[in-house]
file my_file.tsv (TSV, C-alpha atoms)
chain	number	residue	atom	x	y	z
A	1	ALA	CA	-2.83	9.89	-5.11
A	2	GLN	CA	-0.11	11.46	-7.15
A	3	SER	CA	-0.88	12.24	-10.75
A	4	VAL	CA	0.88	13.38	-13.87
A	5	SER	CA	-1.14	15.13	-16.55
A	6	GLN	CA	-0.25	15.42	-20.18
A	7	HIS	CA	-3.02	17.48	-21.69
A	8	ASN	CA	-2.10	16.98	-25.34
A	9	HIS	CA	-2.95	13.42	-26.27
A	10	HIS	CA	-2.25	13.73	-29.97
A	11	VAL	CA	-0.28	16.45	-31.72
A	12	ILE	CA	0.19	16.77	-35.46
A	13	LEU	CA	2.85	19.12	-36.80
A	14	SER	CA	4.61	19.81	-40.04
A	15	GLU	CA	8.38	19.54	-40.24
A	16	ALA	CA	10.21	22.62	-38.93
A	17	ALA	CA	7.31	23.62	-36.70
A	18	SER	CA	8.01	24.29	-33.05
A	19	LEU	CA	6.86	21.86	-30.40
A	20	GLU	CA	5.73	22.28	-26.84
A	21	LEU	CA	4.22	19.41	-24.87
A	22	GLY	CA	2.71	20.12	-21.50
A	23	CYS	CA	3.28	18.14	-18.31
A	24	ASN	CA	1.84	18.96	-14.89
A	25	TYR	CA	2.10	16.93	-11.72
A	26	SER	CA	0.32	16.97	-8.39
A	27	TYR	CA	3.05	16.05	-5.90
A	28	GLY	CA	3.92	18.90	-3.53
A	29	GLY	CA	7.36	17.79	-2.40
A	30	THR	CA	10.71	17.60	-4.10
A	31	VAL	CA	10.66	15.64	-7.33
A	32	ASN	CA	12.88	14.32	-10.07
A	33	LEU	CA	11.39	14.85	-13.51
A	34	PHE	CA	11.87	12.98	-16.75
A	35	TRP	CA	10.77	12.94	-20.34
A	36	TYR	CA	10.90	9.66	-22.21
A	37	VAL	CA	10.33	8.96	-25.88
A	38	GLN	CA	8.94	5.76	-27.36
A	39	TYR	CA	9.44	5.27	-31.09
A	40	PRO	CA	6.99	2.90	-32.80
A	41	GLY	CA	7.58	-0.65	-31.66
A	42	GLN	CA	10.41	0.25	-29.32
A	43	HIS	CA	10.94	0.62	-25.60
A	44	LEU	CA	11.15	3.89	-23.71
A	45	GLN	CA	14.30	5.94	-24.03
A	46	LEU	CA	15.32	8.86	-21.85
A	47	LEU	CA	15.17	12.26	-23.54
A	48	LEU	CA	16.13	14.41	-20.59
A	49	LYS	CA	15.88	14.67	-16.83
A	50	TYR	CA	15.81	17.26	-14.09
A	51	PHE	CA	17.13	16.59	-10.60
A	52	SER	CA	18.22	20.02	-9.36
A	53	GLY	CA	19.95	23.23	-10.43
A	54	ASP	CA	19.17	25.09	-13.65
A	55	PRO	CA	15.46	24.60	-14.32
A	56	LEU	CA	16.07	24.65	-18.07
A	57	VAL	CA	17.49	21.30	-19.05
A	58	LYS	CA	18.72	20.19	-22.42
A	59	GLY	CA	18.43	16.66	-23.66
A	60	ILE	CA	19.23	14.63	-26.71
A	61	LYS	CA	18.11	15.39	-30.27
A	62	GLY	CA	17.59	19.10	-29.61
A	63	PHE	CA	14.90	18.71	-26.96
A	64	GLU	CA	14.76	20.85	-23.85
A	65	ALA	CA	12.40	21.19	-20.91
A	66	GLU	CA	11.73	23.83	-18.32
A	67	PHE	CA	10.83	23.09	-14.72
A	68	ILE	CA	8.53	25.74	-13.25
A	69	LYS	CA	8.13	24.82	-9.61
A	70	SER	CA	5.32	27.31	-8.91
A	71	LYS	CA	3.24	25.79	-11.71
A	72	PHE	CA	4.18	22.15	-11.01
A	73	SER	CA	5.07	21.93	-14.68
A	74	PHE	CA	7.83	20.41	-16.78
A	75	ASN	CA	7.04	21.22	-20.40
A	76	LEU	CA	9.00	19.72	-23.26
A	77	ARG	CA	10.07	21.89	-26.19
A	78	LYS	CA	11.86	21.64	-29.49
A	79	PRO	CA	12.31	24.64	-31.81
A	80	SER	CA	12.06	22.70	-35.06
A	81	VAL	CA	10.70	19.17	-35.29
A	82	GLN	CA	11.70	16.56	-37.83
A	83	TRP	CA	9.79	13.66	-39.31
A	84	SER	CA	12.00	11.34	-37.24
A	85	ASP	CA	10.54	12.87	-34.05
A	86	THR	CA	7.28	11.02	-34.72
A	87	ALA	CA	6.84	9.03	-31.52
A	88	GLU	CA	4.99	8.95	-28.23
A	89	TYR	CA	6.33	11.12	-25.41
A	90	PHE	CA	5.89	10.42	-21.72
A	91	CYS	CA	6.47	12.68	-18.78
A	92	ALA	CA	7.44	10.95	-15.51
A	93	VAL	CA	7.75	12.10	-11.92
A	94	ASN	CA	9.80	10.49	-9.17
A	95	PRO	CA	8.87	11.90	-5.71
A	96	ARG	CA	12.11	12.13	-3.81
A	97	LEU	CA	10.85	11.96	-0.24
A	98	TYR	CA	12.13	8.50	0.62
A	99	ASN	CA	11.48	6.13	-2.23
A	100	PHE	CA	13.65	6.51	-5.29
A	101	ASN	CA	11.94	3.73	-7.14
A	102	LYS	CA	8.40	5.09	-7.26
A	103	PHE	CA	7.63	6.61	-10.63
A	104	TYR	CA	4.42	8.14	-11.95
A	105	PHE	CA	3.92	8.47	-15.68
A	106	GLY	CA	1.61	10.65	-17.69
A	107	SER	CA	-0.73	9.08	-20.23
A	108	GLY	CA	1.53	10.06	-23.11
A	109	THR	CA	1.36	12.39	-26.10
A	110	LYS	CA	1.51	10.98	-29.59
A	111	LEU	CA	3.39	13.27	-31.93
A	112	ASN	CA	2.93	12.89	-35.64
A	113	VAL	CA	5.27	14.99	-37.78
A	114	LYS	CA	4.28	15.33	-41.39
A	115	PRO	CA	7.14	15.50	-43.91
B	1	GLU	CA	26.56	-3.75	-23.23
B	2	ALA	CA	24.35	-2.46	-20.42
B	3	GLN	CA	20.85	-3.72	-20.92
B	4	VAL	CA	17.57	-4.98	-19.52
B	5	THR	CA	16.25	-8.13	-21.18
B	6	GLN	CA	12.75	-9.59	-21.07
B	7	ASN	CA	11.40	-12.92	-22.21
B	8	PRO	CA	9.26	-13.73	-23.96
B	9	ARG	CA	8.71	-10.71	-26.16
B	10	TYR	CA	5.30	-11.90	-27.31
B	11	LEU	CA	2.93	-14.28	-25.58
B	12	ILE	CA	-0.57	-15.51	-26.28
B	13	THR	CA	-2.20	-17.52	-23.53
B	14	VAL	CA	-5.60	-18.51	-22.20
B	15	THR	CA	-7.44	-17.44	-19.09
B	16	GLY	CA	-6.19	-19.16	-15.97
B	17	LYS	CA	-2.95	-20.61	-17.32
B	18	LYS	CA	-0.09	-19.50	-15.10
B	19	LEU	CA	2.74	-17.67	-16.81
B	20	THR	CA	6.01	-15.99	-15.93
B	21	VAL	CA	7.73	-13.14	-17.72
B	22	THR	CA	11.41	-12.95	-16.95
B	23	CYS	CA	13.46	-9.80	-16.55
B	24	SER	CA	17.20	-9.57	-16.17
B	25	GLN	CA	19.62	-6.65	-15.95
B	26	ASN	CA	23.40	-6.67	-16.17
B	27	MET	CA	24.08	-3.27	-14.59
B	28	ASN	CA	24.12	-4.40	-10.93
B	29	HIS	CA	21.18	-2.08	-10.24
B	30	GLU	CA	19.46	-2.29	-6.88
B	31	TYR	CA	16.06	-1.09	-8.01
B	32	MET	CA	13.81	-2.86	-10.47
B	33	SER	CA	10.21	-2.31	-11.52
B	34	TRP	CA	7.44	-3.75	-13.63
B	35	TYR	CA	5.04	-1.58	-15.59
B	36	ARG	CA	2.10	-2.16	-17.83
B	37	GLN	CA	1.33	0.18	-20.70
B	38	ASP	CA	-2.21	0.60	-21.93
B	39	PRO	CA	-3.50	3.05	-24.56
B	40	GLY	CA	-4.48	6.36	-23.03
B	41	LEU	CA	-3.21	5.36	-19.58
B	42	GLY	CA	0.53	5.58	-20.04
B	43	LEU	CA	2.71	3.39	-17.87
B	44	ARG	CA	1.49	2.20	-14.52
B	45	GLN	CA	3.78	0.64	-11.98
B	46	ILE	CA	2.79	-2.89	-10.98
B	47	TYR	CA	5.50	-3.84	-8.49
B	48	TYR	CA	8.92	-2.61	-7.62
B	49	SER	CA	11.90	-3.94	-5.75
B	50	MET	CA	14.46	-1.99	-3.77
B	51	ASN	CA	16.88	-4.90	-3.44
B	52	VAL	CA	17.07	-8.67	-3.09
B	53	GLU	CA	14.08	-9.99	-1.14
B	54	VAL	CA	12.60	-6.47	-0.89
B	55	THR	CA	9.52	-5.87	-3.01
B	56	ASP	CA	6.48	-3.63	-2.76
B	57	LYS	CA	3.24	-2.95	-4.58
B	58	GLY	CA	2.96	-0.25	-7.16
B	59	ASP	CA	-0.29	1.27	-8.37
B	60	VAL	CA	-1.83	-1.77	-10.08
B	61	PRO	CA	-0.59	-4.94	-8.30
B	62	GLU	CA	-3.82	-6.98	-8.40
B	63	GLY	CA	-3.39	-10.28	-10.22
B	64	TYR	CA	0.41	-10.14	-10.24
B	65	LYS	CA	3.24	-11.50	-8.14
B	66	VAL	CA	6.96	-10.86	-8.21
B	67	SER	CA	10.08	-12.23	-6.59
B	68	ARG	CA	13.62	-10.95	-6.22
B	69	LYS	CA	15.88	-13.81	-5.19
B	70	GLU	CA	18.88	-12.50	-7.11
B	71	LYS	CA	19.90	-8.94	-7.80
B	72	ARG	CA	19.85	-9.29	-11.57
B	73	ASN	CA	16.47	-11.02	-11.97
B	74	PHE	CA	12.95	-9.81	-11.29
B	75	PRO	CA	10.31	-12.14	-12.77
B	76	LEU	CA	6.66	-11.15	-13.09
B	77	ILE	CA	4.20	-13.93	-12.35
B	78	LEU	CA	0.56	-14.11	-13.39
B	79	GLU	CA	-0.91	-16.98	-11.39
B	80	SER	CA	-4.27	-16.93	-13.16
B	81	PRO	CA	-4.22	-14.53	-16.10
B	82	SER	CA	-7.41	-12.82	-17.16
B	83	PRO	CA	-8.25	-10.91	-20.36
B	84	ASN	CA	-7.92	-7.55	-18.56
B	85	GLN	CA	-4.24	-8.32	-18.15
B	86	THR	CA	-3.76	-8.14	-21.90
B	87	SER	CA	-1.21	-5.38	-22.17
B	88	LEU	CA	2.35	-4.37	-22.99
B	89	TYR	CA	4.69	-4.99	-20.08
B	90	PHE	CA	7.99	-3.29	-19.39
B	91	CYS	CA	10.64	-4.13	-16.88
B	92	ALA	CA	12.99	-1.37	-15.74
B	93	SER	CA	16.03	-1.06	-13.54
B	94	THR	CA	17.56	1.88	-11.71
B	95	ARG	CA	20.77	2.44	-9.85
B	96	LYS	CA	20.35	3.47	-6.21
B	97	GLY	CA	21.40	7.06	-5.69
B	98	LEU	CA	20.75	10.02	-3.47
B	99	ALA	CA	19.46	12.39	-6.11
B	100	GLY	CA	17.39	9.95	-8.07
B	101	GLU	CA	18.45	8.05	-11.10
B	102	THR	CA	17.37	7.22	-14.60
B	103	GLN	CA	15.40	4.11	-15.33
B	104	TYR	CA	16.56	1.74	-18.05
B	105	PHE	CA	13.76	-0.08	-19.77
B	106	GLY	CA	13.58	-3.50	-21.30
B	107	PRO	CA	12.21	-4.07	-24.82
B	108	GLY	CA	8.72	-4.97	-23.62
B	109	THR	CA	6.54	-8.09	-23.57
B	110	ARG	CA	3.26	-8.00	-25.41
B	111	LEU	CA	0.75	-10.30	-23.70
B	112	LEU	CA	-2.61	-11.40	-25.05
B	113	VAL	CA	-4.90	-13.33	-22.71
B	114	LEU	CA	-7.80	-15.05	-24.46

call {"tool": "encode", "arguments": {"input": "my_file.tsv", "output": "structure tokens"}}
result
Amino acid sequence: AQSVSQHNHHVILSEAASLELGCNYSYGGTVNLFWYVQYPGQHLQLLLKYFSGDPLVKGIKGFEAEFIKSKFSFNLRKPSVQWSDTAEYFCAVNPRLYNFNKFYFGSGTKLNVKP
Amino acid sequence: EAQVTQNPRYLITVTGKKLTVTCSQNMNHEYMSWYRQDPGLGLRQIYYSMNVEVTDKGDVPEGYKVSRKEKRNFPLILESPSPNQTSLYFCASTRKGLAGETQYFGPGTRLLVL
């Protein structure tokens, strides 16, 4: 079965610290990759996505992610976090072989930014 | 405004009492999905639909049913709810595309089965 691993379950940072959240997946074929954010009490919102092309993608709110195909990774980064970034972050993989509606999510990383 | 709506947002029920959670999208998307979110497990896909009358099982379909009689609606049915179905449920829709598309999520339905 396909799997998506987010190794950091809970991260605590101070404002202005840099952030990197790991995401690894097990699918060997071509994939679409996503990072979603879920603020407390809200639904998931798209942060950024990778379909093809430049493996370094930029998203909203200063987030970026780098796709490293050889490592099956799609890590999320932000140079300087803010208190408002406190949320849960989910990595998602969509294997592209023939089914564009099959998504696999990681277990999530809770980020707590201290003011 | 493009959106995915779910009803109800909160529901408390008892074991065995059939319930339906509705999902509707106004974006004319072909693909729709249901997920459940549990602490430490992330989101797991329950069922998905590629178009009207086309549905398939996701990773955790046991105890759930779906139907897709109209493009905009994709209800989730629990024929005989059990306490292990207590969870937060999200509906999502996606436009059909060659390169893959973004999912748009509904606001969630928090279900408690006693």

call {"tool": "interface_residues", "arguments": {"input": "my_file.tsv", "of": "chain A", "to": "chain B", "cutoff": "9 Å", "atoms": "only C-alpha atoms", "output": "PyMOL selection string"}}
result
chain A and resi 9+31-32+34+41-46+49+51-52+90+94+96+99-109

call {"tool": "write_last_selection", "arguments": {"input": "my_file.tsv", "atoms": "C-alpha atoms", "output": "PDB file, in the coordinates of the input"}}
result
ATOM      1  CA  HIS A   9      -2.950  13.420 -26.270  1.00  0.00           C
ATOM      2  CA  VAL A  31      10.660  15.640  -7.330  1.00  0.00           C
ATOM      3  CA  ASN A  32      12.880  14.320 -10.070  1.00  0.00           C
ATOM      4  CA  PHE A  34      11.870  12.980 -16.750  1.00  0.00           C
ATOM      5  CA  GLY A  41       7.580  -0.650 -31.660  1.00  0.00           C
ATOM      6  CA  GLN A  42      10.410   0.250 -29.320  1.00  0.00           C
ATOM      7  CA  HIS A  43      10.940   0.620 -25.600  1.00  0.00           C
ATOM      8  CA  LEU A  44      11.150   3.890 -23.710  1.00  0.00           C
ATOM      9  CA  GLN A  45      14.300   5.940 -24.030  1.00  0.00           C
ATOM     10  CA  LEU A  46      15.320   8.860 -21.850  1.00  0.00           C
ATOM     11  CA  LYS A  49      15.880  14.670 -16.830  1.00  0.00           C
ATOM     12  CA  PHE A  51      17.130  16.590 -10.600  1.00  0.00           C
ATOM     13  CA  SER A  52      18.220  20.020  -9.360  1.00  0.00           C
ATOM     14  CA  PHE A  90       5.890  10.420 -21.720  1.00  0.00           C
ATOM     15  CA  ASN A  94       9.800  10.490  -9.170  1.00  0.00           C
ATOM     16  CA  ARG A  96      12.110  12.130  -3.810  1.00  0.00           C
ATOM     17  CA  ASN A  99      11.480   6.130  -2.230  1.00  0.00           C
ATOM     18  CA  PHE A 100      13.650   6.510  -5.290  1.00  0.00           C
ATOM     19  CA  ASN A 101      11.940   3.730  -7.140  1.00  0.00           C
ATOM     20  CA  LYS A 102       8.400   5.090  -7.260  1.00  0.00           C
ATOM     21  CA  PHE A 103       7.630   6.610 -10.630  1.00  0.00           C
ATOM     22  CA  TYR A 104       4.420   8.140 -11.950  1.00  0.00           C
ATOM     23  CA  PHE A 105       3.920   8.470 -15.680  1.00  0.00           C
ATOM     24  CA  GLY A 106       1.610  10.650 -17.690  1.00  0.00           C
ATOM     25  CA  SER A 107      -0.730   9.080 -20.230  1.00  0.00           C
ATOM     26  CA  GLY A 108       1.530  10.060 -23.110  1.00  0.00           C
ATOM     27  CA  THR A 109       1.360  12.390 -26.100  1.00  0.00           C
TER      28      THR A 109
END

call {"tool": "residues_near_point", "arguments": {"input": "my_file.tsv", "point": "(12.3, 28.5, -20.0)", "cutoff": "10 Å", "atoms": "all atoms listed in the file", "output": "VMD selection string"}}
result
chain A and resid 54 to 57 64 to 68 74 to 77

call {"tool": "atom_distance", "arguments": {"input": "my_file.tsv", "atom1": "CA of Ile12 (chain B)", "atom2": "CA of Gly63 (chain B)"}}
result
17.1 Å

call {"tool": "closest_residue", "arguments": {"input": "my_file.tsv", "among": "A:Phe72, A:Leu21, A:Gln6, A:Trp35", "to": "Ala92 (chain A)", "atoms": "only C-alpha atoms"}}
result
A:Trp35

call {"tool": "atom_distance", "arguments": {"input": "my_file.tsv", "atom1": "CA of Arg68 (chain B)", "atom2": "CA of Val52 (chain B)"}}
result
5.2 Å

call {"tool": "decode", "arguments": {"input": "my_file.tsv", "residues": "region 39-61 of chain B", "atoms": "N, CA and C atoms", "output": "mmCIF file, in the first residue's frame"}}
result
data_model
loop_
_atom_site.group_PDB
_atom_site.id
_atom_site.type_symbol
_atom_site.label_atom_id
_atom_site.label_comp_id
_atom_site.auth_asym_id
_atom_site.auth_seq_id
_atom_site.Cartn_x
_atom_site.Cartn_y
_atom_site.Cartn_z
ATOM 1 N N PRO B 39 -7.024 11.784 15.045
ATOM 2 C CA PRO B 39 -5.740 12.235 15.593
ATOM 3 C C PRO B 39 -4.635 11.218 15.343
ATOM 4 N N GLY B 40 -3.522 11.708 14.829
ATOM 5 C CA GLY B 40 -2.368 10.853 14.592
ATOM 6 C C GLY B 40 -2.440 10.017 13.336
ATOM 7 N N LEU B 41 -3.578 10.054 12.652
ATOM 8 C CA LEU B 41 -3.737 9.249 11.430
ATOM 9 C C LEU B 41 -3.905 10.100 10.185
ATOM 10 N N GLY B 42 -4.054 11.385 10.348
ATOM 11 C CA GLY B 42 -4.252 12.251 9.194
ATOM 12 C C GLY B 42 -5.609 12.027 8.557
ATOM 13 N N LEU B 43 -5.690 12.258 7.270
ATOM 14 C CA LEU B 43 -6.931 12.046 6.536
ATOM 15 C C LEU B 43 -6.854 10.729 5.793
ATOM 16 N N ARG B 44 -7.918 9.971 5.885
ATOM 17 C CA ARG B 44 -7.988 8.712 5.151
ATOM 18 C C ARG B 44 -9.223 8.745 4.258
ATOM 19 N N GLN B 45 -9.016 8.328 3.029
ATOM 20 C CA GLN B 45 -10.083 8.406 2.044
ATOM 21 C C GLN B 45 -11.065 7.263 2.252
ATOM 22 N N ILE B 46 -12.349 7.597 2.343
ATOM 23 C CA ILE B 46 -13.385 6.592 2.590
ATOM 24 C C ILE B 46 -13.932 6.076 1.259
ATOM 25 N N TYR B 47 -14.443 6.972 0.464
ATOM 26 C CA TYR B 47 -14.959 6.687 -0.869
ATOM 27 C C TYR B 47 -14.633 7.858 -1.770
ATOM 28 N N TYR B 48 -14.598 7.578 -3.059
ATOM 29 C CA TYR B 48 -14.475 8.656 -4.003
ATOM 30 C C TYR B 48 -15.358 8.381 -5.212
ATOM 31 N N SER B 49 -15.589 9.431 -5.965
ATOM 32 C CA SER B 49 -16.454 9.323 -7.140
ATOM 33 C C SER B 49 -15.797 10.057 -8.294
ATOM 34 N N MET B 50 -15.753 9.395 -9.434
ATOM 35 C CA MET B 50 -15.132 9.994 -10.616
ATOM 36 C C MET B 50 -16.151 10.776 -11.451
ATOM 37 N N ASN B 51 -17.426 10.434 -11.280
ATOM 38 C CA ASN B 51 -18.484 11.152 -11.994
ATOM 39 C C ASN B 51 -19.832 10.588 -11.535
ATOM 40 N N VAL B 52 -20.888 11.079 -12.107
ATOM 41 C CA VAL B 52 -22.224 10.608 -11.736
ATOM 42 C C VAL B 52 -22.304 9.094 -11.932
ATOM 43 N N GLU B 53 -22.828 8.433 -10.904
ATOM 44 C CA GLU B 53 -23.008 6.979 -10.898
ATOM 45 C C GLU B 53 -21.693 6.192 -10.934
ATOM 46 N N VAL B 54 -20.570 6.841 -10.704
ATOM 47 C CA VAL B 54 -19.272 6.155 -10.675
ATOM 48 C C VAL B 54 -18.609 6.400 -9.323
ATOM 49 N N THR B 55 -18.600 5.364 -8.495
ATOM 50 C CA THR B 55 -17.981 5.503 -7.175
ATOM 51 C C THR B 55 -17.045 4.325 -6.920
ATOM 52 N N ASP B 56 -16.116 4.511 -6.006
ATOM 53 C CA ASP B 56 -15.190 3.428 -5.688
ATOM 54 C C ASP B 56 -14.702 3.587 -4.252
ATOM 55 N N LYS B 57 -14.251 2.468 -3.692
ATOM 56 C CA LYS B 57 -13.800 2.468 -2.310
ATOM 57 C C LYS B 57 -12.439 3.128 -2.174
ATOM 58 N N GLY B 58 -12.285 3.844 -1.072
ATOM 59 C CA GLY B 58 -10.988 4.369 -0.717
ATOM 60 C C GLY B 58 -10.281 3.398 0.216
ATOM 61 N N ASP B 59 -9.583 3.921 1.186
ATOM 62 C CA ASP B 59 -8.802 3.075 2.083
ATOM 63 C C ASP B 59 -9.586 2.539 3.271
ATOM 64 N N VAL B 60 -10.650 3.226 3.672
ATOM 65 C CA VAL B 60 -11.405 2.816 4.870
ATOM 66 C C VAL B 60 -12.909 2.847 4.603
ATOM 67 N N PRO B 61 -13.415 2.011 3.673
ATOM 68 C CA PRO B 61 -14.827 2.100 3.294
ATOM 69 C C PRO B 61 -15.801 1.358 4.210
#
